[in-house]
>>> print(open('structure_1.csv').read())   # CSV, C-alpha atoms
chain,number,residue,atom,x,y,z
A,1,MET,CA,0.0,0.0,0.0
A,2,LEU,CA,2.8,2.4,0.9
A,3,TYR,CA,4.5,1.6,-2.4
A,4,ILE,CA,1.3,2.6,-4.3
A,5,ILE,CA,1.1,5.9,-2.3
A,6,ARG,CA,4.7,6.7,-3.1
A,7,GLN,CA,4.2,6.0,-6.8
A,8,ILE,CA,1.2,8.3,-6.9
A,9,LEU,CA,2.7,11.1,-4.8
A,10,GLN,CA,6.1,11.3,-6.6
A,11,PRO,CA,4.8,12.7,-10.0
A,12,LEU,CA,2.1,14.7,-8.2
A,13,LEU,CA,4.7,16.5,-6.0
A,14,ALA,CA,6.9,17.2,-9.0
A,15,ILE,CA,3.9,18.9,-10.8
A,16,ILE,CA,2.9,20.9,-7.7
A,17,MET,CA,6.5,22.1,-7.1
A,18,SER,CA,6.9,23.1,-10.7
A,19,ILE,CA,3.6,25.1,-10.7
A,20,ASN,CA,4.5,26.7,-7.4
A,21,MET,CA,7.9,27.9,-8.8
A,22,MET,CA,6.2,29.4,-11.8
A,23,ILE,CA,3.5,31.2,-9.9
A,24,PHE,CA,5.6,32.2,-6.9
A,25,PRO,CA,9.1,33.3,-7.9
A,26,VAL,CA,11.5,33.8,-5.0
A,27,THR,CA,11.1,37.3,-3.5
A,28,GLU,CA,14.8,38.0,-3.2
A,29,ASP,CA,15.1,38.1,-7.0
A,30,ARG,CA,12.5,40.9,-7.1
A,31,VAL,CA,14.0,43.1,-4.4
A,32,PRO,CA,16.5,45.8,-5.4
A,33,GLU,CA,19.9,45.0,-4.0
A,34,GLU,CA,20.9,48.6,-3.4
A,35,MET,CA,18.5,50.3,-1.1
A,36,ASP,CA,18.6,53.7,0.7
A,37,GLN,CA,19.4,53.0,4.3
A,38,VAL,CA,17.2,54.4,7.2
A,39,GLN,CA,17.1,54.1,10.9
A,40,ASN,CA,13.4,54.0,11.6
A,41,VAL,CA,10.3,52.5,9.9
A,42,ILE,CA,6.7,53.6,10.2
A,43,TYR,CA,4.5,50.9,8.5
A,44,LEU,CA,0.9,51.9,8.1
A,45,VAL,CA,-1.8,49.4,7.1
A,46,GLY,CA,-5.2,50.6,6.0
A,47,ASP,CA,-7.2,47.4,6.4
A,48,GLY,CA,-9.4,46.8,3.4
A,49,MET,CA,-8.3,50.1,1.7
A,50,GLY,CA,-8.4,49.9,-2.1
A,51,PRO,CA,-7.6,52.8,-4.4
A,52,LEU,CA,-11.2,53.8,-4.8
A,53,HIS,CA,-11.7,54.0,-1.1
A,54,LEU,CA,-9.5,57.0,-1.2
A,55,GLU,CA,-11.5,58.6,-4.0
A,56,LYS,CA,-14.8,57.8,-2.3
A,57,ALA,CA,-13.6,59.4,1.0
A,58,LYS,CA,-12.2,62.5,-0.7
A,59,GLN,CA,-15.5,63.0,-2.5
A,60,GLU,CA,-17.8,62.3,0.4
A,61,ARG,CA,-15.9,64.4,3.0
A,62,ASN,CA,-14.6,67.0,0.5
A,63,ILE,CA,-11.0,66.6,1.7
A,64,SER,CA,-7.5,66.2,0.4
A,65,LEU,CA,-5.3,63.3,1.6
A,66,ALA,CA,-1.8,63.3,2.9
A,67,MET,CA,-1.3,60.0,1.0
A,68,ASP,CA,-1.7,61.8,-2.3
A,69,THR,CA,1.4,64.0,-1.4
A,70,PHE,CA,3.8,61.1,-1.5
A,71,GLU,CA,6.3,61.3,-4.3
A,72,TYR,CA,6.4,57.5,-4.7
A,73,SER,CA,3.3,55.5,-5.1
A,74,GLY,CA,2.2,52.3,-6.8
A,75,ARG,CA,0.1,49.2,-6.3
A,76,SER,CA,0.5,46.0,-4.3
A,77,MET,CA,-0.9,42.7,-5.5
A,78,THR,CA,-2.7,40.7,-2.8
A,79,ARG,CA,-3.6,37.1,-2.6
A,80,SER,CA,-3.1,34.2,-0.2
A,81,GLN,CA,-1.3,30.9,-1.0
A,82,PHE,CA,-4.2,29.1,-2.7
A,83,ASN,CA,-6.7,31.8,-3.1
A,84,LEU,CA,-6.9,34.9,-5.3
A,85,ILE,CA,-8.6,36.7,-2.5
A,86,THR,CA,-6.8,37.0,0.9
A,87,ASP,CA,-8.2,37.5,4.3
A,88,SER,CA,-6.6,39.8,6.9
A,89,ALA,CA,-4.7,36.9,8.6
A,90,ALA,CA,-2.9,35.8,5.4
A,91,GLY,CA,-2.6,39.4,4.3
A,92,ALA,CA,-0.9,40.4,7.5
A,93,THR,CA,1.4,37.4,7.3
A,94,ALA,CA,2.5,38.5,3.8
A,95,LEU,CA,3.1,42.1,4.9
A,96,ALA,CA,4.9,41.1,8.1
A,97,CYS,CA,6.8,37.9,7.2
A,98,GLY,CA,7.2,38.0,3.5
A,99,VAL,CA,5.5,34.7,2.9
A,100,ARG,CA,2.1,33.6,1.6
A,101,THR,CA,0.0,31.4,3.8
A,102,ILE,CA,-3.6,30.0,3.9
A,103,ASN,CA,-6.5,32.3,4.8
A,104,GLY,CA,-6.9,32.1,8.6
A,105,TYR,CA,-3.3,31.3,9.3
A,106,VAL,CA,-1.2,33.9,11.2
A,107,GLY,CA,2.6,34.0,10.9
A,108,VAL,CA,3.0,30.4,9.9
A,109,PHE,CA,4.1,28.6,6.8
A,110,TYR,CA,1.1,27.1,4.9
A,111,TYR,CA,2.8,23.7,4.9
A,112,ASP,CA,3.6,23.8,8.6
A,113,PRO,CA,0.7,25.5,10.4
A,114,LEU,CA,1.4,23.6,13.7
A,115,ARG,CA,5.0,25.0,13.8
A,116,VAL,CA,6.5,21.5,13.8
A,117,GLU,CA,9.6,22.6,11.9
A,118,SER,CA,9.7,26.4,12.0
A,119,THR,CA,7.9,29.7,11.6
A,120,PRO,CA,8.7,32.6,9.3
A,121,LYS,CA,10.4,35.4,11.1
A,122,SER,CA,8.5,38.7,11.0
A,123,ILE,CA,10.0,42.1,10.3
A,124,THR,CA,9.1,42.9,13.9
A,125,GLU,CA,11.3,40.0,15.2
A,126,LEU,CA,14.2,41.0,12.9
A,127,CYS,CA,14.1,44.5,14.4
A,128,ILE,CA,14.0,43.2,17.9
A,129,GLU,CA,17.1,41.1,17.2
A,130,LYS,CA,18.8,44.2,15.9
A,131,GLY,CA,18.1,46.0,19.2
A,132,MET,CA,15.5,48.4,17.8
A,133,MET,CA,12.4,49.4,19.7
A,134,THR,CA,9.2,48.0,18.3
A,135,GLY,CA,5.5,48.9,18.5
A,136,ILE,CA,2.1,47.8,17.2
A,137,VAL,CA,-0.9,50.1,17.2
A,138,THR,CA,-4.4,49.2,16.0
A,139,THR,CA,-8.0,50.3,16.3
A,140,ASP,CA,-8.9,46.6,16.3
A,141,SER,CA,-8.5,44.2,19.2
A,142,THR,CA,-4.9,43.6,19.9
A,143,SER,CA,-5.6,40.0,19.0
A,144,GLY,CA,-7.0,41.1,15.6
A,145,ALA,CA,-5.6,39.5,12.5
A,146,THR,CA,-3.3,42.3,11.4
A,147,PRO,CA,-1.6,43.0,14.8
A,148,SER,CA,-1.3,39.3,15.2
A,149,GLY,CA,0.5,38.9,11.9
A,150,PHE,CA,3.2,41.2,13.2
A,151,SER,CA,3.5,39.7,16.7
A,152,VAL,CA,2.6,36.0,16.9
A,153,HIS,CA,2.6,32.6,15.2
A,154,THR,CA,-0.5,30.5,15.3
A,155,ASP,CA,-2.6,28.3,13.0
A,156,SER,CA,-5.8,30.2,13.4
A,157,ARG,CA,-6.7,33.9,13.7
A,158,ASN,CA,-9.4,32.7,16.1
A,159,ASN,CA,-6.9,31.3,18.6
A,160,THR,CA,-7.4,34.4,20.8
A,161,GLU,CA,-6.0,32.9,24.0
A,162,ASP,CA,-2.9,31.7,22.2
A,163,ILE,CA,-2.5,35.1,20.5
A,164,ASP,CA,-3.0,37.1,23.8
A,165,THR,CA,-0.5,34.8,25.6
A,166,GLN,CA,2.1,35.2,23.0
A,167,GLN,CA,1.7,38.9,22.8
A,168,MET,CA,1.9,39.4,26.6
A,169,ALA,CA,5.1,37.3,26.6
A,170,SER,CA,6.7,39.1,23.7
A,171,ASP,CA,9.7,41.4,23.6
A,172,ILE,CA,7.7,44.1,21.7
A,173,ASP,CA,7.9,47.4,23.5
A,174,LEU,CA,4.5,48.7,22.8
A,175,ILE,CA,1.2,46.9,21.9
A,176,TRP,CA,-1.9,49.2,21.8
A,177,GLY,CA,-5.4,48.4,20.7
A,178,CYS,CA,-8.9,47.5,21.8
A,179,THR,CA,-9.6,44.9,24.5
A,180,SER,CA,-9.0,41.2,23.9
A,181,GLY,CA,-10.5,38.5,26.1
A,182,TYR,CA,-7.4,36.9,27.6
A,183,VAL,CA,-5.2,40.0,28.2
A,184,THR,CA,-4.9,40.7,31.9
A,185,LYS,CA,-3.2,43.4,33.8
A,186,GLU,CA,-1.3,40.7,35.8
A,187,GLY,CA,-0.2,38.9,32.6
A,188,CYS,CA,1.1,42.2,31.1
A,189,GLU,CA,2.9,43.3,34.3
A,190,GLU,CA,4.6,39.9,34.7
A,191,ASN,CA,6.5,40.6,31.4
A,192,GLY,CA,7.3,44.2,32.3
A,193,PHE,CA,4.5,46.0,30.5
A,194,THR,CA,2.7,48.9,32.0
A,195,PHE,CA,-1.0,48.1,31.6
A,196,VAL,CA,-3.0,51.0,30.0
A,197,LYS,CA,-6.7,51.5,29.7
A,198,THR,CA,-7.3,55.2,29.0
A,199,TYR,CA,-6.1,58.2,27.0
A,200,SER,CA,-4.8,59.8,30.2
A,201,GLU,CA,-2.8,56.8,31.2
A,202,MET,CA,-1.4,56.6,27.7
A,203,MET,CA,-0.3,60.2,27.7
A,204,ALA,CA,1.3,59.7,31.2
A,205,LEU,CA,3.7,57.0,29.8
A,206,GLU,CA,7.4,58.0,29.9
A,207,GLU,CA,10.2,57.1,27.5
A,208,GLY,CA,11.9,53.9,28.4
A,209,SER,CA,8.6,52.2,29.5
A,210,ARG,CA,7.0,49.2,27.9
A,211,SER,CA,3.2,49.3,27.6
A,212,PHE,CA,0.2,47.2,26.7
A,213,ALA,CA,-3.0,49.1,26.1
A,214,GLN,CA,-6.5,47.8,26.2
A,215,PHE,CA,-8.8,50.6,25.1
A,216,ASP,CA,-12.6,50.4,24.9
A,217,HIS,CA,-14.1,49.5,21.5
A,218,GLN,CA,-15.5,52.4,19.5
A,219,THR,CA,-16.3,53.3,15.9
A,220,TRP,CA,-12.8,54.9,15.6
A,221,GLY,CA,-13.8,57.7,13.4
A,222,VAL,CA,-12.6,61.3,13.6
A,223,GLU,CA,-14.7,62.1,16.6
A,224,GLN,CA,-14.8,59.7,19.6
A,225,SER,CA,-17.8,59.5,21.9
A,226,ASN,CA,-15.4,58.7,24.8
A,227,PRO,CA,-12.5,61.2,25.2
A,228,GLU,CA,-10.6,58.6,27.3
A,229,THR,CA,-10.4,56.4,24.2
A,230,PRO,CA,-7.7,57.9,21.9
A,231,THR,CA,-8.0,58.1,18.2
A,232,LEU,CA,-5.5,56.4,15.9
A,233,SER,CA,-3.6,59.6,15.2
A,234,GLN,CA,-3.4,60.4,18.9
A,235,MET,CA,-2.0,56.9,19.6
A,236,THR,CA,0.4,57.2,16.8
A,237,GLU,CA,1.9,60.5,17.9
A,238,LYS,CA,2.4,59.3,21.4
A,239,ALA,CA,3.8,55.9,20.3
A,240,ILE,CA,6.4,57.5,18.1
A,241,ASP,CA,7.4,59.9,20.9
A,242,LEU,CA,7.9,56.9,23.2
A,243,LEU,CA,9.8,54.7,20.6
A,244,ASP,CA,12.1,57.5,19.4
A,245,ASP,CA,14.3,56.8,22.4
A,246,THR,CA,17.2,54.8,21.2
A,247,ASP,CA,20.2,55.2,18.9
A,248,GLU,CA,19.3,51.8,17.3
A,249,GLY,CA,16.1,53.2,15.8
A,250,PHE,CA,12.5,51.9,15.9
A,251,PHE,CA,9.9,50.0,13.9
A,252,ILE,CA,6.2,50.5,14.3
A,253,MET,CA,3.2,49.0,12.5
A,254,ILE,CA,0.0,51.0,12.7
A,255,GLU,CA,-3.4,49.7,11.5
A,256,GLY,CA,-6.6,51.5,10.7
A,257,ALA,CA,-9.0,48.6,11.1
A,258,HIS,CA,-12.3,50.3,10.6
A,259,ILE,CA,-11.9,51.1,6.9
A,260,ASP,CA,-12.4,47.3,6.5
A,261,LYS,CA,-15.1,46.9,9.1
A,262,HIS,CA,-17.3,49.7,7.7
A,263,SER,CA,-16.7,48.4,4.1
A,264,HIS,CA,-18.0,45.0,5.1
A,265,SER,CA,-21.3,46.6,6.1
A,266,ASN,CA,-21.2,49.1,3.2
A,267,LYS,CA,-21.4,52.1,5.6
A,268,ASP,CA,-20.4,54.9,3.3
A,269,ALA,CA,-20.1,57.8,5.9
A,270,GLU,CA,-18.5,55.7,8.5
A,271,MET,CA,-15.9,54.2,6.1
A,272,ALA,CA,-15.0,57.7,4.8
A,273,GLU,CA,-14.7,59.0,8.4
A,274,ALA,CA,-12.4,56.1,9.4
A,275,LEU,CA,-10.3,56.6,6.3
A,276,GLU,CA,-9.9,60.3,7.0
A,277,GLU,CA,-8.7,59.4,10.5
A,278,PHE,CA,-6.3,56.9,9.0
A,279,ASP,CA,-5.0,59.7,6.7
A,280,ARG,CA,-4.6,62.0,9.7
A,281,THR,CA,-2.4,59.2,11.1
A,282,VAL,CA,-0.4,59.1,7.9
A,283,ALA,CA,0.1,62.9,8.1
A,284,ALA,CA,1.4,62.5,11.6
A,285,ALA,CA,3.9,59.9,10.5
A,286,LEU,CA,4.9,62.0,7.5
A,287,GLU,CA,5.5,65.1,9.7
A,288,TYR,CA,7.8,63.1,12.0
A,289,ALA,CA,9.7,61.6,9.1
A,290,GLU,CA,10.2,65.0,7.4
A,291,LYS,CA,11.7,66.4,10.6
A,292,ASP,CA,13.7,63.3,11.4
A,293,GLY,CA,15.3,62.8,8.0
A,294,ASN,CA,16.1,59.2,8.7
A,295,THR,CA,12.7,57.5,8.7
A,296,LEU,CA,11.0,55.3,6.1
A,297,VAL,CA,7.2,55.6,5.9
A,298,VAL,CA,5.3,52.9,4.0
A,299,VAL,CA,1.5,53.0,3.6
A,300,THR,CA,-0.4,50.1,2.1
A,301,ALA,CA,-3.3,47.7,2.7
A,302,ASP,CA,-3.8,44.0,3.2
A,303,HIS,CA,-6.6,43.7,0.7
A,304,GLU,CA,-9.6,45.6,-0.7
A,305,THR,CA,-13.0,45.3,0.9
A,306,GLY,CA,-16.4,46.1,-0.7
A,307,GLY,CA,-15.5,46.0,-4.4
A,308,ILE,CA,-15.9,49.8,-4.7
A,309,LYS,CA,-16.7,51.0,-8.3
A,310,GLN,CA,-17.1,54.3,-9.9
A,311,ASN,CA,-20.6,55.0,-11.2
A,312,ASP,CA,-21.6,56.8,-14.4
A,313,ASP,CA,-22.3,60.0,-12.5
A,314,GLY,CA,-18.8,60.1,-11.0
A,315,THR,CA,-19.8,58.9,-7.5
A,316,TYR,CA,-18.5,55.7,-5.9
A,317,SER,CA,-20.4,52.8,-4.4
A,318,PHE,CA,-19.9,49.4,-2.8
A,319,THR,CA,-20.7,46.4,-4.9
A,320,GLN,CA,-20.3,43.6,-2.2
A,321,GLY,CA,-19.7,43.1,1.5
A,322,SER,CA,-16.7,40.9,1.2
A,323,HIS,CA,-13.0,41.2,0.2
A,324,SER,CA,-12.0,41.4,-3.4
A,325,GLY,CA,-8.8,40.6,-5.2
A,326,ALA,CA,-8.2,44.2,-6.4
A,327,ASN,CA,-4.7,45.6,-6.2
A,328,VAL,CA,-4.2,48.0,-3.3
A,329,PRO,CA,-2.3,51.3,-3.0
A,330,ILE,CA,1.3,51.6,-1.7
A,331,PHE,CA,2.9,54.9,-0.8
A,332,VAL,CA,6.5,55.4,0.2
A,333,TYR,CA,8.4,58.4,1.8
A,334,GLY,CA,12.0,58.5,2.9
A,335,SER,CA,13.6,56.4,0.1
A,336,ASP,CA,14.3,57.0,-3.6
A,337,THR,CA,15.0,53.3,-4.2
A,338,PHE,CA,12.3,51.5,-2.3
A,339,LEU,CA,9.6,51.9,-4.9
A,340,ALA,CA,9.6,53.1,-8.5
A,341,LYS,CA,6.8,55.5,-9.5
A,342,ASP,CA,3.7,53.5,-10.4
A,343,GLU,CA,5.5,50.2,-9.7
A,344,VAL,CA,3.3,47.1,-9.0
A,345,VAL,CA,4.8,44.9,-6.4
A,346,TYR,CA,3.8,41.6,-4.6
A,347,ASN,CA,2.7,42.2,-1.1
A,348,ILE,CA,5.3,39.6,0.1
A,349,ASP,CA,8.1,41.9,-1.3
A,350,ILE,CA,7.3,44.8,1.0
A,351,PRO,CA,8.8,43.5,4.3
A,352,ALA,CA,11.8,42.3,2.4
A,353,ARG,CA,12.4,45.8,1.0
A,354,ILE,CA,11.9,47.2,4.5
A,355,ALA,CA,14.5,44.8,5.8
A,356,TYR,CA,17.0,45.8,3.1
A,357,SER,CA,16.4,49.5,4.0
A,358,LEU,CA,17.3,48.7,7.6
A,359,GLY,CA,20.6,47.1,6.6
A,360,PHE,CA,19.6,43.4,6.7
A,361,GLY,CA,21.1,41.1,4.1
A,362,LYS,CA,19.7,38.3,2.0
A,363,GLU,CA,20.4,35.8,4.8
A,364,ASP,CA,18.2,37.8,7.2
A,365,ILE,CA,15.3,39.1,5.2
A,366,PRO,CA,11.8,37.6,5.5
A,367,TYR,CA,10.9,36.2,2.1
A,368,GLU,CA,9.0,33.3,0.6
A,369,ASN,CA,11.6,30.5,0.7
A,370,PHE,CA,10.3,27.9,-1.7
A,371,ALA,CA,13.4,25.7,-1.0
A,372,ASP,CA,12.1,25.3,2.6
A,373,TRP,CA,8.8,24.0,1.3
A,374,VAL,CA,10.5,21.6,-1.0
A,375,LYS,CA,12.7,20.2,1.8
A,376,TYR,CA,9.6,19.9,4.0
A,377,VAL,CA,7.6,18.0,1.4
A,378,ILE,CA,10.5,15.7,0.5
A,379,SER,CA,11.1,14.9,4.2
A,380,ALA,CA,7.5,14.0,4.6
A,381,TYR,CA,7.5,11.9,1.4
A,382,GLU,CA,10.6,10.0,2.5
A,383,GLN,CA,8.8,9.0,5.8
A,384,LEU,CA,6.2,7.1,3.9
>>> encode(input="structure_1.csv", output="structure tokens")
Amino acid sequence: MLYIIRQILQPLLAIIMSINMMIFPVTEDRVPEEMDQVQNVIYLVGDGMGPLHLEKAKQERNISLAMDTFEYSGRSMTRSQFNLITDSAAGATALACGVRTINGYVGVFYYDPLRVESTPKSITELCIEKGMMTGIVTTDSTSGATPSGFSVHTDSRNNTEDIDTQQMASDIDLIWGCTSGYVTKEGCEENGFTFVKTYSEMMALEEGSRSFAQFDHQTWGVEQSNPETPTLSQMTEKAIDLLDDTDEGFFIMIEGAHIDKHSHSNKDAEMAEALEEFDRTVAAALEYAEKDGNTLVVVTADHETGGIKQNDDGTYSFTQGSHSGANVPIFVYGSDTFLAKDEVVYNIDIPARIAYSLGFGKEDIPYENFADWVKYVISAYEQL
């Protein structure tokens, strides 16, 4: 019986590996070898934000966007390992770890979800190893898919207890977002975090401290009903001030989660308001980078939500309540080599380019290492 299985699997594996190599060329071959070097990175993710979300928000709120002032902009192609449409878990894994995985997986190889052999190293972990300060800020729960992609490794985005436990035990300096079920003050303080619940407590934090924030859930638009729950831009300004406290530099990922949430429910006004607040956050990051002169700002999205289209009368409307496979925007400030104007990149290339910009080499960067998958499959095959 085993002989028959081996005979069937051998040609099948060869076909699968050949197709995989054609569809997913190795990331390192697509990343420029000469990159402008920076000390700090501010990585902003507008969850669910497609290019027409920007146009819809500008039209409905009669505003201009800081994102439109970036000299370098292009598009990012999103997908997960076996699906043309990614979810936020696989999308965050691509943006953080430089690998594609299966929808629902967070920070794990699609062929090794239980972490039997290894996990892909995130850009956050690389920066920690370099001695940089690191932070994660979100308007979602701290266990949400996007912050999880930058902070943990687990086989399901729904493993809230595992995610919360890993985050509370992590070496990240700052994790801020909405409440998550298994995060406790005691658990945070055991690992040296100051536990934060309000805007006042956040503003009282001093440089050199590590903090874990659990704010109340709100709509996270421009105006908050509870003044003790900070907006995304307020969190960002304070977080950068705290992280800018070392000669080794800092890395921070900032997520505007409610562009996606309001797009799922096709709430026009709420989505536009959430996007405007996200853009205020981009403006705050850009202002810091312009003054600092040694900071890379990257703005992108994990996927598009809502299938926004332009109507015959020039207005914009949602066409669905789910994710789409549309390309998403990417904007870059602080480097002339990171992105060519109007360049289209794979989402998995973005963390590799960030790593190069921070001085990491090919042996360090997170990228989709097809050779590891081949070794894993061959090893499993040989055990039959």
>>> closest_residue(input="structure_1.csv", among="A:Ile85, A:Val332, A:Cys188, A:Met49", to="A:His258", atoms="all atoms listed in the file")
A:Met49
>>> atom_distance(input="structure_1.csv", atom1="atom CA of A:Ala326", atom2="atom CA of A:His303")
7.3 Å
>>> atom_distance(input="structure_1.csv", atom1="atom CA of A:Leu54", atom2="atom CA of A:Ala285")
18.0 Å
>>> residues_around(input="structure_1.csv", residues="stretch 75-81 of chain A", least_positions_apart="6", cutoff="9 Å", atoms="all atoms listed in the file", output="ChimeraX atom specification")
/A:51,87,90-91,94,99-103,110,300-304,325-331,342-348,350
>>> atom_distance(input="structure_1.csv", atom1="atom CA of A:Asp292", atom2="atom CA of A:Ala66")
17.7 Å
>>> axis_aligned_box(input="structure_1.csv", around="stretch 193-202 of chain A", padding_each_side="8 Å", output="AutoDock Vina command-line options")
--center_x -1.4 --center_y 52.9 --center_z 29.5 --size_x 27.8 --size_y 29.8 --size_z 21.0
>>> closest_atom_pairs(input="structure_1.csv", of="stretch 88-192 of chain A", to="stretch 207-216 of chain A", cutoff="12 Å", atoms="only C-alpha atoms", output="Markdown table")
| residue | atom | partner | partner_atom | distance |
| --- | --- | --- | --- | --- |
| A:Met133 | CA | A:Gly208 | CA | 9.8 |
| A:Thr134 | CA | A:Arg210 | CA | 9.9 |
| A:Gly135 | CA | A:Ser211 | CA | 9.4 |
| A:Ile136 | CA | A:Phe212 | CA | 9.7 |
| A:Val137 | CA | A:Ala213 | CA | 9.2 |
| A:Thr138 | CA | A:Ala213 | CA | 10.2 |
| A:Thr139 | CA | A:Phe215 | CA | 8.8 |
| A:Asp140 | CA | A:Phe215 | CA | 9.7 |
| A:Ser141 | CA | A:Gln214 | CA | 8.1 |
| A:Thr142 | CA | A:Gln214 | CA | 7.7 |
| A:Ser143 | CA | A:Gln214 | CA | 10.7 |
| A:Asp164 | CA | A:Phe212 | CA | 11.0 |
| A:Gln167 | CA | A:Phe212 | CA | 9.3 |
| A:Met168 | CA | A:Phe212 | CA | 8.0 |
| A:Ala169 | CA | A:Phe212 | CA | 11.0 |
| A:Ser170 | CA | A:Phe212 | CA | 10.8 |
| A:Asp171 | CA | A:Arg210 | CA | 9.3 |
| A:Ile172 | CA | A:Arg210 | CA | 8.1 |
| A:Asp173 | CA | A:Arg210 | CA | 4.8 |
| A:Leu174 | CA | A:Ser211 | CA | 5.0 |
| A:Ile175 | CA | A:Phe212 | CA | 4.9 |
| A:Trp176 | CA | A:Ala213 | CA | 4.4 |
| A:Gly177 | CA | A:Gln214 | CA | 5.6 |
| A:Cys178 | CA | A:Phe215 | CA | 4.5 |
| A:Thr179 | CA | A:Gln214 | CA | 4.6 |
| A:Ser180 | CA | A:Gln214 | CA | 7.4 |
| A:Gly181 | CA | A:Gln214 | CA | 10.1 |
| A:Tyr182 | CA | A:Gln214 | CA | 11.0 |
| A:Val183 | CA | A:Gln214 | CA | 8.2 |
| A:Thr184 | CA | A:Gln214 | CA | 9.2 |
| A:Lys185 | CA | A:Phe212 | CA | 8.7 |
| A:Glu186 | CA | A:Phe212 | CA | 11.3 |
| A:Gly187 | CA | A:Phe212 | CA | 10.2 |
| A:Cys188 | CA | A:Phe212 | CA | 6.7 |
| A:Glu189 | CA | A:Phe212 | CA | 9.0 |
| A:Glu190 | CA | A:Phe212 | CA | 11.7 |
| A:Asn191 | CA | A:Arg210 | CA | 9.3 |
| A:Gly192 | CA | A:Arg210 | CA | 6.7 |
>>> residues_around(input="structure_1.csv", residues="stretch 355-362 of chain A", least_positions_apart="3", cutoff="7 Å", atoms="all atoms listed in the file", output="list of chain:residue names")
A:Met35, A:Asp36, A:Gln37, A:Val38, A:Gln39, A:Ile123, A:Pro351, A:Ala352, A:Ile365
>>> residues_near_point(input="structure_1.csv", point="(5.9, 51.0, 3.2)", cutoff="10 Å", atoms="all atoms listed in the file", output="PyMOL selection string")
chain A and resi 41-45+73+95+253+296-301+330-335+338-339+350-351+353-354
>>> residues_around(input="structure_1.csv", residues="A:Gly307", least_positions_apart="2", cutoff="7 Å", atoms="all atoms listed in the file", output="list in words")
Glu304, Thr305, Lys309, Phe318, Thr319, Gln320 and Ser324 of chain A
>>> write_last_selection(input="structure_1.csv", atoms="C-alpha atoms", output="short mmCIF file (atom, residue, chain, number, x, y, z; two decimals), in the frame of the given file")
data_model
loop_
_atom_site.label_atom_id
_atom_site.label_comp_id
_atom_site.auth_asym_id
_atom_site.auth_seq_id
_atom_site.Cartn_x
_atom_site.Cartn_y
_atom_site.Cartn_z
CA GLU A 304 -9.60 45.60 -0.70
CA THR A 305 -13.00 45.30 0.90
CA LYS A 309 -16.70 51.00 -8.30
CA PHE A 318 -19.90 49.40 -2.80
CA THR A 319 -20.70 46.40 -4.90
CA GLN A 320 -20.30 43.60 -2.20
CA SER A 324 -12.00 41.40 -3.40
#
>>> residues_around(input="structure_1.csv", residues="A:Cys97", least_positions_apart="4", cutoff="9 Å", atoms="all atoms listed in the file", output="VMD selection string")
chain A and resid 92 to 93 107 to 108 120 to 124 149 to 150 348 351 to 352 365 to 368
>>> build_atoms(input="structure_1.csv", residues="stretch 50-61 of chain A", atoms="N, CA and C atoms", output="PDB file, keeping the file's coordinate frame")
ATOM      1  N   GLY A  50      -8.752  49.923  -0.646  1.00  0.00           N
ATOM      2  CA  GLY A  50      -8.400  49.900  -2.100  1.00  0.00           C
ATOM      3  C   GLY A  50      -8.245  51.313  -2.584  1.00  0.00           C
ATOM      4  N   PRO A  51      -7.781  51.474  -3.822  1.00  0.00           N
ATOM      5  CA  PRO A  51      -7.600  52.800  -4.400  1.00  0.00           C
ATOM      6  C   PRO A  51      -8.842  53.651  -4.454  1.00  0.00           C
ATOM      7  N   LEU A  52      -9.976  52.997  -4.704  1.00  0.00           N
ATOM      8  CA  LEU A  52     -11.200  53.800  -4.800  1.00  0.00           C
ATOM      9  C   LEU A  52     -11.798  54.138  -3.459  1.00  0.00           C
ATOM     10  N   HIS A  53     -11.321  53.512  -2.391  1.00  0.00           N
ATOM     11  CA  HIS A  53     -11.700  54.000  -1.100  1.00  0.00           C
ATOM     12  C   HIS A  53     -11.206  55.413  -0.848  1.00  0.00           C
ATOM     13  N   LEU A  54     -10.009  55.685  -1.357  1.00  0.00           N
ATOM     14  CA  LEU A  54      -9.500  57.000  -1.200  1.00  0.00           C
ATOM     15  C   LEU A  54     -10.306  58.028  -1.983  1.00  0.00           C
ATOM     16  N   GLU A  55     -10.683  57.678  -3.199  1.00  0.00           N
ATOM     17  CA  GLU A  55     -11.500  58.600  -4.000  1.00  0.00           C
ATOM     18  C   GLU A  55     -12.869  58.801  -3.417  1.00  0.00           C
ATOM     19  N   LYS A  56     -13.445  57.744  -2.895  1.00  0.00           N
ATOM     20  CA  LYS A  56     -14.800  57.800  -2.300  1.00  0.00           C
ATOM     21  C   LYS A  56     -14.740  58.737  -1.049  1.00  0.00           C
ATOM     22  N   ALA A  57     -13.718  58.565  -0.212  1.00  0.00           N
ATOM     23  CA  ALA A  57     -13.600  59.400   1.000  1.00  0.00           C
ATOM     24  C   ALA A  57     -13.355  60.842   0.651  1.00  0.00           C
ATOM     25  N   LYS A  58     -12.497  61.104  -0.326  1.00  0.00           N
ATOM     26  CA  LYS A  58     -12.200  62.500  -0.700  1.00  0.00           C
ATOM     27  C   LYS A  58     -13.501  63.160  -1.227  1.00  0.00           C
ATOM     28  N   GLN A  59     -14.274  62.441  -1.987  1.00  0.00           N
ATOM     29  CA  GLN A  59     -15.500  63.000  -2.500  1.00  0.00           C
ATOM     30  C   GLN A  59     -16.556  63.221  -1.476  1.00  0.00           C
ATOM     31  N   GLU A  60     -16.755  62.255  -0.611  1.00  0.00           N
ATOM     32  CA  GLU A  60     -17.800  62.300   0.400  1.00  0.00           C
ATOM     33  C   GLU A  60     -17.539  63.301   1.503  1.00  0.00           C
ATOM     34  N   ARG A  61     -16.262  63.467   1.845  1.00  0.00           N
ATOM     35  CA  ARG A  61     -15.900  64.400   3.000  1.00  0.00           C
ATOM     36  C   ARG A  61     -15.278  65.657   2.473  1.00  0.00           C
TER      37      ARG A  61
END
